[in-house]
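Student: Sending over structure_26.txt (compact mmCIF, C-alpha atoms).
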# COMPACT_ATOMS: atom_id res chain seq x y z
CA MET A 885 74.88 152.84 170.46
CA ASP A 886 74.34 151.90 174.14
CA LYS A 887 72.59 155.21 174.77
CA LEU A 888 70.07 154.55 172.00
CA ILE A 889 69.38 150.98 173.11
CA ASN A 890 69.18 152.00 176.78
CA LYS A 891 66.49 154.50 175.87
CA LEU A 892 64.64 151.80 173.96
CA THR A 893 64.85 149.27 176.81
CA GLU A 894 63.56 151.87 179.26
CA LYS A 895 60.51 152.27 177.03
CA ILE A 896 60.01 148.49 176.94
CA TYR A 897 60.23 148.21 180.74
CA GLN A 898 57.76 151.06 181.16
CA ASN A 899 55.35 149.40 178.73
CA ILE A 900 55.56 146.12 180.68
CA SER A 901 54.74 147.92 183.94
CA GLN A 902 51.76 149.71 182.44
CA ARG A 903 50.56 146.50 180.80
CA VAL A 904 50.62 144.53 184.07
CA LEU A 905 48.99 147.30 186.08
CA SER A 906 46.28 147.76 183.45
CA LYS A 907 45.48 144.03 183.39
CA LYS A 908 45.40 143.83 187.17
CA ASN A 909 42.96 146.73 187.39
CA LYS A 910 40.82 145.43 184.56
CA LEU A 911 40.48 141.99 186.19
CA ARG A 912 40.11 143.55 189.66
CA MET A 913 42.64 141.21 191.16
CA LYS A 914 44.59 141.58 194.36
CA ARG A 915 48.34 141.12 194.33
CA PHE A 916 48.15 137.92 196.41
CA GLN A 917 45.83 136.49 193.74
CA ILE A 918 48.51 136.95 191.12
CA THR A 919 51.57 135.63 192.92
CA ASP A 920 52.55 134.08 196.27
CA VAL A 921 53.34 136.05 199.38
CA ASN A 922 57.10 135.82 198.80
CA SER A 923 56.79 137.55 195.43
CA VAL A 924 54.18 140.20 196.19
CA GLN A 925 56.82 142.91 196.63
CA LEU A 926 58.47 141.85 193.39
CA LEU A 927 55.10 142.16 191.64
CA SER A 928 54.75 145.64 193.10
CA ASN A 929 58.19 146.53 191.73
CA VAL A 930 57.15 145.29 188.30
CA MET A 931 53.99 147.41 188.28
CA HIS A 932 55.98 150.50 189.27
CA ASN A 933 58.91 149.81 186.94
CA LYS A 934 61.24 149.59 189.90
CA ARG A 935 64.31 147.52 189.14
CA ILE A 936 66.59 146.45 192.00
CA ASN A 937 69.97 144.97 191.12
CA ASN A 938 69.89 142.08 193.59
CA ARG A 939 66.22 141.18 193.00
CA ASN A 940 64.96 142.12 189.55
CA PRO A 941 67.63 143.94 187.49
CA TYR A 942 65.71 143.03 184.32
CA LEU A 943 62.31 143.92 185.91
CA LEU A 944 61.03 140.35 185.45
CA ASN A 945 62.34 136.93 186.39
CA SER A 946 61.05 133.57 185.23
CA LYS A 947 58.81 132.94 188.24
CA ILE A 948 57.07 136.30 188.30
CA THR A 949 56.71 136.14 184.51
CA PHE A 950 54.96 132.76 184.81
CA ASP A 951 52.65 134.02 187.58
CA ILE A 952 51.71 137.19 185.69
CA VAL A 953 51.09 135.41 182.38
CA THR A 954 49.03 132.65 184.04
CA ASN A 955 46.92 134.68 186.43
CA LEU A 956 46.50 137.89 184.44
CA LYS A 957 45.60 135.84 181.40
CA PHE A 958 48.28 137.00 178.99
CA LYS A 959 48.59 134.73 175.98
CA SER A 960 52.33 134.32 176.48
CA SER A 961 55.42 135.91 177.96
CA TYR A 962 55.98 137.44 174.51
CA GLU A 963 52.69 139.35 174.77
CA LEU A 964 53.53 140.42 178.32
CA ILE A 965 56.88 141.89 177.26
CA TRP A 966 56.10 143.21 173.80
CA GLY A 967 52.34 143.72 173.73
CA GLU A 968 50.09 143.03 170.77
CA GLY A 969 48.28 144.98 168.08
CA GLU A 970 49.16 148.67 168.01
CA GLU A 971 51.43 148.35 171.06
CA LEU A 972 53.53 145.73 169.33
CA ASP A 973 53.55 147.67 166.07
CA SER A 974 54.75 150.78 167.89
CA ILE A 975 57.66 149.09 169.64
CA LEU A 976 58.70 147.25 166.46
CA SER A 977 58.79 150.59 164.64
CA SER A 978 60.96 152.01 167.42
CA ILE A 979 63.32 149.04 167.30
CA PHE A 980 63.63 149.27 163.52
CA ARG A 981 64.32 152.99 163.39
CA THR A 982 66.69 152.83 166.36
CA GLY A 983 68.40 149.99 164.53
CA LEU A 984 68.83 152.08 161.38
CA LYS A 985 70.47 154.87 163.38
CA ILE A 986 72.84 152.44 165.07
CA LEU A 987 73.76 150.69 161.83
CA GLN A 988 74.40 154.02 160.09
CA GLU A 989 76.77 155.06 162.88
CA GLN A 990 78.64 151.75 162.79
CA SER A 991 80.05 151.80 159.27
CA ASP A 992 79.93 153.29 155.80
CA LYS A 993 78.95 149.84 154.55
CA ASN A 994 75.78 149.86 156.64
CA SER A 995 75.02 153.46 155.64
CA LYS A 996 75.27 152.47 151.99
CA LEU A 997 72.99 149.48 152.59
CA ILE A 998 70.32 151.70 154.16
CA GLU A 999 70.69 154.36 151.47
CA ASN A 1000 70.18 151.72 148.77
CA CYS A 1001 67.00 150.64 150.54
CA TYR A 1002 65.78 154.25 150.59
CA LEU A 1003 66.41 154.49 146.84
CA GLU A 1004 63.67 151.90 146.32
CA TYR A 1005 61.28 154.82 146.86
CA LEU A 1006 61.81 156.29 143.40
CA PRO A 1007 60.81 159.91 144.20
CA TYR A 1008 63.70 159.87 146.69
CA ALA A 1009 66.02 158.41 144.06
CA LYS A 1010 65.02 161.29 141.77
CA ALA A 1011 65.50 163.92 144.47
CA THR A 1012 68.92 162.54 145.42
CA ALA A 1013 70.09 162.27 141.83
CA GLY A 1014 68.89 165.82 141.20
CA PHE A 1015 70.66 167.19 144.27
CA GLU A 1016 73.91 165.52 143.27
CA LYS A 1017 73.87 165.87 139.48
CA ALA A 1018 71.46 168.58 138.35
CA PHE A 1019 72.66 171.98 137.18
CA PRO A 1020 72.41 174.44 140.14
CA PRO A 1021 69.20 176.24 139.07
CA PHE A 1022 67.47 172.85 138.77
CA LYS A 1023 68.72 171.28 142.01
CA PRO A 1024 65.99 170.44 144.55
CA ASP A 1025 66.18 172.24 147.89
CA ILE A 1026 67.82 170.32 150.72
CA GLU A 1027 64.49 170.47 152.58
CA ASP A 1028 62.77 168.69 149.69
CA VAL A 1029 65.42 165.98 149.68
CA ALA A 1030 65.04 165.55 153.45
CA TYR A 1031 61.27 165.28 153.08
CA ALA A 1032 61.64 162.68 150.32
CA GLN A 1033 63.98 160.73 152.59
CA SER A 1034 61.41 160.75 155.40
CA ILE A 1035 58.87 159.22 153.01
CA ALA A 1036 61.51 156.75 151.80
CA ASP A 1037 61.93 155.69 155.44
CA ALA A 1038 58.17 155.10 155.73
CA HIS A 1039 58.23 153.22 152.41
CA LEU A 1040 61.07 150.98 153.64
CA TYR A 1041 59.34 150.20 156.92
CA TYR A 1042 56.12 149.43 155.06
CA GLY A 1043 58.04 146.99 152.88
CA VAL A 1044 59.74 145.09 155.72
CA SER A 1045 57.18 145.38 158.52
CA GLU A 1046 55.64 141.91 158.17
CA ASP A 1047 59.01 140.20 157.88
CA LEU A 1048 60.24 142.27 160.82
CA LYS A 1049 57.30 141.15 162.93
CA ASN A 1050 57.94 137.50 162.09
CA ALA A 1051 61.68 137.77 162.67
CA HIS A 1052 61.16 139.55 165.99
CA LYS A 1053 58.73 136.94 167.31
CA LYS A 1054 61.00 134.09 166.24
CA TYR A 1055 64.01 135.72 167.89
CA PHE A 1056 62.36 136.90 171.14
CA GLU A 1057 59.52 134.42 171.65
CA ASP A 1058 61.43 132.26 174.15
CA LYS A 1059 63.53 135.07 175.59
CA GLU A 1060 62.42 136.94 178.66
CA THR A 1061 63.91 140.30 179.69
CA LYS A 1062 67.27 138.98 180.87
CA LYS A 1063 70.06 140.54 178.80
CA LEU A 1064 67.42 142.60 176.99
CA LEU A 1065 69.89 145.26 175.91
CA GLN A 1066 72.32 142.71 174.51
CA ASN A 1067 69.56 140.78 172.74
CA ILE A 1068 68.20 143.92 171.08
CA SER A 1069 71.71 144.82 169.94
CA ASN A 1070 72.18 141.34 168.47
CA PHE A 1071 68.79 141.52 166.79
CA ILE A 1072 69.66 144.83 165.14
CA ASN A 1073 73.08 143.70 163.95
CA ASN A 1074 72.00 140.30 162.71
CA GLU A 1075 68.29 140.19 161.94
CA ILE A 1076 67.61 143.73 160.76
CA THR A 1077 70.62 143.70 158.43
CA LYS A 1078 69.33 140.40 156.99
CA LEU A 1079 65.94 142.01 156.39
CA LEU A 1080 67.55 144.93 154.55
CA HIS A 1081 69.61 142.67 152.32
CA GLN A 1082 66.56 140.52 151.57
CA TYR A 1083 64.50 143.65 150.81
CA LEU A 1084 67.00 144.67 148.13
CA LYS A 1085 67.21 141.14 146.79
CA ASP A 1086 63.42 140.91 146.48
CA SER A 1087 63.31 144.21 144.60
CA ASP A 1088 66.22 143.19 142.36
CA ASN A 1089 67.89 146.49 143.33
CA GLN A 1090 65.41 148.47 141.23
CA GLY A 1091 66.13 151.66 143.14
CA GLN A 1092 69.88 151.55 142.59
CA ARG A 1093 69.45 150.90 138.88
CA ALA A 1094 66.88 153.69 138.56
CA TYR A 1095 69.12 156.09 140.50
CA LYS A 1096 72.05 155.35 138.19
CA ILE A 1097 69.97 156.06 135.08
CA MET A 1098 68.47 159.21 136.64
CA SER A 1099 71.96 160.43 137.51
CA GLU A 1100 73.16 159.90 133.96
CA ILE A 1101 70.16 161.76 132.53
CA MET A 1102 70.63 164.68 134.91
CA SER A 1103 74.39 164.79 134.31
CA TYR A 1104 73.74 164.94 130.57
CA GLN A 1105 71.29 167.78 131.10
CA SER A 1106 73.79 169.61 133.33
CA ASP A 1107 76.54 169.28 130.72
CA ASN A 1108 74.17 170.66 128.10
CA GLU A 1109 73.21 173.61 130.29
CA PHE A 1110 76.87 174.33 131.04
CA ASP A 1111 77.78 174.31 127.34
CA SER A 1112 74.89 176.62 126.57
CA ILE A 1113 75.86 179.14 129.24
CA SER A 1114 79.59 178.98 128.57
CA HIS A 1115 79.17 179.66 124.84
CA GLY A 1116 76.66 182.47 125.25
CA PRO A 1117 73.62 183.39 123.11
CA GLU A 1118 75.75 184.50 120.17
CA TRP A 1119 76.81 180.87 119.72
CA TYR A 1120 73.28 179.62 119.01
CA PRO A 1121 73.13 180.65 115.33
CA HIS A 1122 76.54 179.07 114.77
CA GLN A 1123 76.25 175.89 116.81
CA PRO A 1124 77.38 172.62 115.21
CA LEU A 1125 74.92 170.69 113.09
CA THR A 1126 74.27 166.97 113.36
CA ASN A 1127 74.56 164.43 110.55
CA SER A 1128 71.04 165.36 109.46
CA LYS A 1129 71.89 169.08 109.56
CA ARG A 1130 69.88 169.73 112.69
CA PRO A 1131 71.18 172.06 115.44
CA LEU A 1132 73.13 170.18 118.12
CA MET A 1133 71.14 171.71 121.00
CA GLU A 1134 67.86 170.64 119.43
CA VAL A 1135 68.97 167.00 119.29
CA ARG A 1136 70.33 167.14 122.82
CA GLN A 1137 67.04 168.55 124.06
CA GLU A 1138 65.20 165.59 122.58
CA VAL A 1139 67.43 163.27 124.60
CA ILE A 1140 66.84 165.33 127.75
CA ASP A 1141 63.06 165.39 127.20
CA ALA A 1142 63.01 161.64 126.63
CA GLY A 1143 65.10 161.11 129.75
CA ASN A 1144 62.83 163.24 131.91
CA LYS A 1145 59.79 161.45 130.50
CA TYR A 1146 61.41 158.11 131.39
CA ILE A 1147 61.99 159.26 134.97
CA ASP A 1148 58.39 160.44 135.32
CA THR A 1149 57.12 157.22 133.75
CA ILE A 1150 58.90 154.82 136.12
CA ILE A 1151 57.89 156.92 139.14
CA ASN A 1152 54.28 156.86 137.94
CA GLU A 1153 54.52 153.10 137.41
CA GLN A 1154 55.58 152.69 141.04
CA LYS A 1155 52.66 154.85 142.15
CA GLU A 1156 50.29 152.67 140.15
CA LEU A 1157 51.64 149.30 141.33
CA ASP A 1158 53.13 149.73 144.81
CA PRO A 1159 50.49 149.15 147.56
CA PHE A 1160 52.33 151.68 149.75
CA TYR A 1161 50.70 154.45 147.74
CA MET A 1162 47.24 152.97 148.31
CA ASP A 1163 47.66 152.84 152.06
CA TYR A 1164 49.40 156.23 152.10
CA SER A 1165 47.41 158.00 149.40
CA CYS A 1166 48.69 161.41 150.53
CA PHE A 1167 51.96 160.56 148.74
CA MET A 1168 50.30 160.04 145.37
Translate the structure described by the file into structure tokens.

Tutor:
Amino acid sequence: MDKLINKLTEKIYQNISQRVLSKKNKLRMKRFQITDVNSVQLLSNVMHNKRINNRNPYLLNSKITFDIVTNLKFKSSYELIWGEGEELDSILSSIFRTGLKILQEQSDKNSKLIENCYLEYLPYAKATAGFEKAFPPFKPDIEDVAYAQSIADAHLYYGVSEDLKNAHKKYFEDKETKKLLQNISNFINNEITKLLHQYLKDSDNQGQRAYKIMSEIMSYQSDNEFDSISHGPEWYPHQPLTNSKRPLMEVRQEVIDAGNKYIDTIINEQKELDPFYMDYSCFM
């Protein structure tokens, strides 16, 4: 866990340095115009991402943060540390996906929570159900399941991104970089897990319910295929008849066809109604 968060904090520190240096050059300001003579070296350290344990172990301190925000015309310390626009979106995406990896490693409970969120992308629910329940010739390839999961990850982030942005600003707005690693860890464990639970609550666990039905349909189809193969072709003319004197396999096939049509129908409904597919039309 620490290794993942350390890598993330290094990226944040590097972004701060680049952000300050870029603003300084854009405004054509000298270092002494940004801070007082006693802090000029500290400013230089900030711009070169040089952290010294007895001076600036967290890159910034409150005074240099105030001077940089005020004189380089940042809107706030939050913008200085996290950026805005695409920069902010990029680091939030990194925090979220790092958070998912950490949560998955922590416990089976967290892994199940994330998996349930992925199931909200119904093509992934279908691929997973097929991989687990379908008769071998009809199982999707592991590569196809992995690809569906990658899209499910994009679908999940799309669904929580605005709430993530709001939660992140609320949590970090008044925090500077002191204890950055610890604060990111707390944010992942507390705020991101809340977002995931709320995401499932808002969807009324549609993905889990769809996955259960898909699994039952595919299990039924697998049982039918197994019976067919185990009995052999000579069994077909002598197979049991139903109450209406119809061949058993014919009636079963109607159930299977109806089940597969249901699966295709609910996936198509999601494609028609979920704005994710409009913004990411390549997944239609």

Student: Atom CA of Ile965 of chain A and atom CA of Ser906 of chain A, how far apart in Å?

Tutor: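 For atom CA of Ser906 of chain A relative to atom CA of Ile965 of chain A, the distance reads 13.6 Å.
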
Student: Counting only C-alpha atoms, figure out which residue out of A:Val1139, A:Ile948, A:Ala1013, A:Ile1068 gets nearest to Asn922 of chain A.

Tutor: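 For Asn922 of chain A, the nearest of the candidates is A:Ile948.
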
Student: Would you work out the distance separating atom CA of Glu999 of chain A from atom CA of Asp1086 of chain A, expressed in Å to one decimal?

Tutor: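 Atom CA of Asp1086 of chain A lies at a distance of 16.1 Å from atom CA of Glu999 of chain A.
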
Student: One decimal, Å: what's the distance from atom CA of Pro1020 of chain A over to atom CA of Ser1106 of chain A, could you say?

Tutor: 8.5 Å

Student: Could you list, with a cut-off of 12 Å and counting only C-alpha atoms, the residues of segment 959-1058 of chain A near segment 886-901 of chain A, each shown with its nearest atom pair and the distance in Å rounded to one decimal, rows sorted by chain and ascending number, as a tab-separated table?

Tutor:
residue	atom	partner	partner_atom	distance
A:Ser961	CA	A:Ile900	CA	10.6
A:Tyr962	CA	A:Ile900	CA	10.7
A:Glu963	CA	A:Ile900	CA	9.4
A:Leu964	CA	A:Ile900	CA	6.5
A:Ile965	CA	A:Ile900	CA	5.6
A:Trp966	CA	A:Ile896	CA	7.3
A:Gly967	CA	A:Ile900	CA	8.0
A:Glu968	CA	A:Asn899	CA	11.5
A:Glu971	CA	A:Asn899	CA	8.7
A:Leu972	CA	A:Asn899	CA	10.3
A:Ser974	CA	A:Ile896	CA	10.7
A:Ile975	CA	A:Ile896	CA	7.7
A:Leu976	CA	A:Leu892	CA	10.6
A:Ser977	CA	A:Leu892	CA	11.1
A:Ser978	CA	A:Leu892	CA	7.5
A:Ile979	CA	A:Leu892	CA	7.3
A:Phe980	CA	A:Leu892	CA	10.8
A:Arg981	CA	A:Leu888	CA	10.5
A:Thr982	CA	A:Leu888	CA	6.8
A:Gly983	CA	A:Ile889	CA	8.7
A:Leu984	CA	A:Leu888	CA	11.0
A:Lys985	CA	A:Leu888	CA	8.6
A:Ile986	CA	A:Leu888	CA	7.8
A:Leu987	CA	A:Leu888	CA	11.5
A:Glu989	CA	A:Leu888	CA	11.3

Student: Between A:Tyr942, A:Tyr1083, A:Tyr1095, A:Tyr1161, which one has atoms that come closest to Asn929 of chain A, using all atoms listed in the file?

Tutor: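 Nearest candidate to Asn929 of chain A out of A:Tyr942, A:Tyr1083, A:Tyr1095, A:Tyr1161: A:Tyr942.
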
Student: When you count only C-alpha atoms, which of these residues is closest to Phe1015 of chain A: A:Thr949, A:Tyr1042, A:Met1098, A:Glu970?

Tutor: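 Distance minimum relative to Phe1015 of chain A lands on A:Met1098.
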
Student: So that I can check the surroundings of Leu956 of chain A, please list as a list in words every protein, DNA and RNA residue that reaches within 8 Å of it, counting all atoms listed in the file and ignoring chain neighbours fewer than 6 positions away.

Tutor: Val904, Lys907, Lys908, Leu911 and Ile918 of chain A

Student: Find the residues near Phe1019 of chain A: any atom within 10 Å, counting only C-alpha atoms, skip ones fewer than 2 places away on the same chain, and give them as a PyMOL selection string.

Tutor: chain A and resi 1014-1017+1021-1023+1102-1110

Student: Go through A:Pro1124, A:Gly969, A:Gly1043, A:Pro1024 one by one, measure the shortest atom-to-atom distance of each to Leu1079 of chain A using only C-alpha atoms, and give the residue with the smallest value.

Tutor: A:Gly1043

Student: Of the candidates A:Arg903, A:Gln1123, A:Asn994, A:Lys1010, which shows the shortest atom-to-atom distance to Lys1078 of chain A, using all atoms listed in the file?

Tutor: A:Asn994
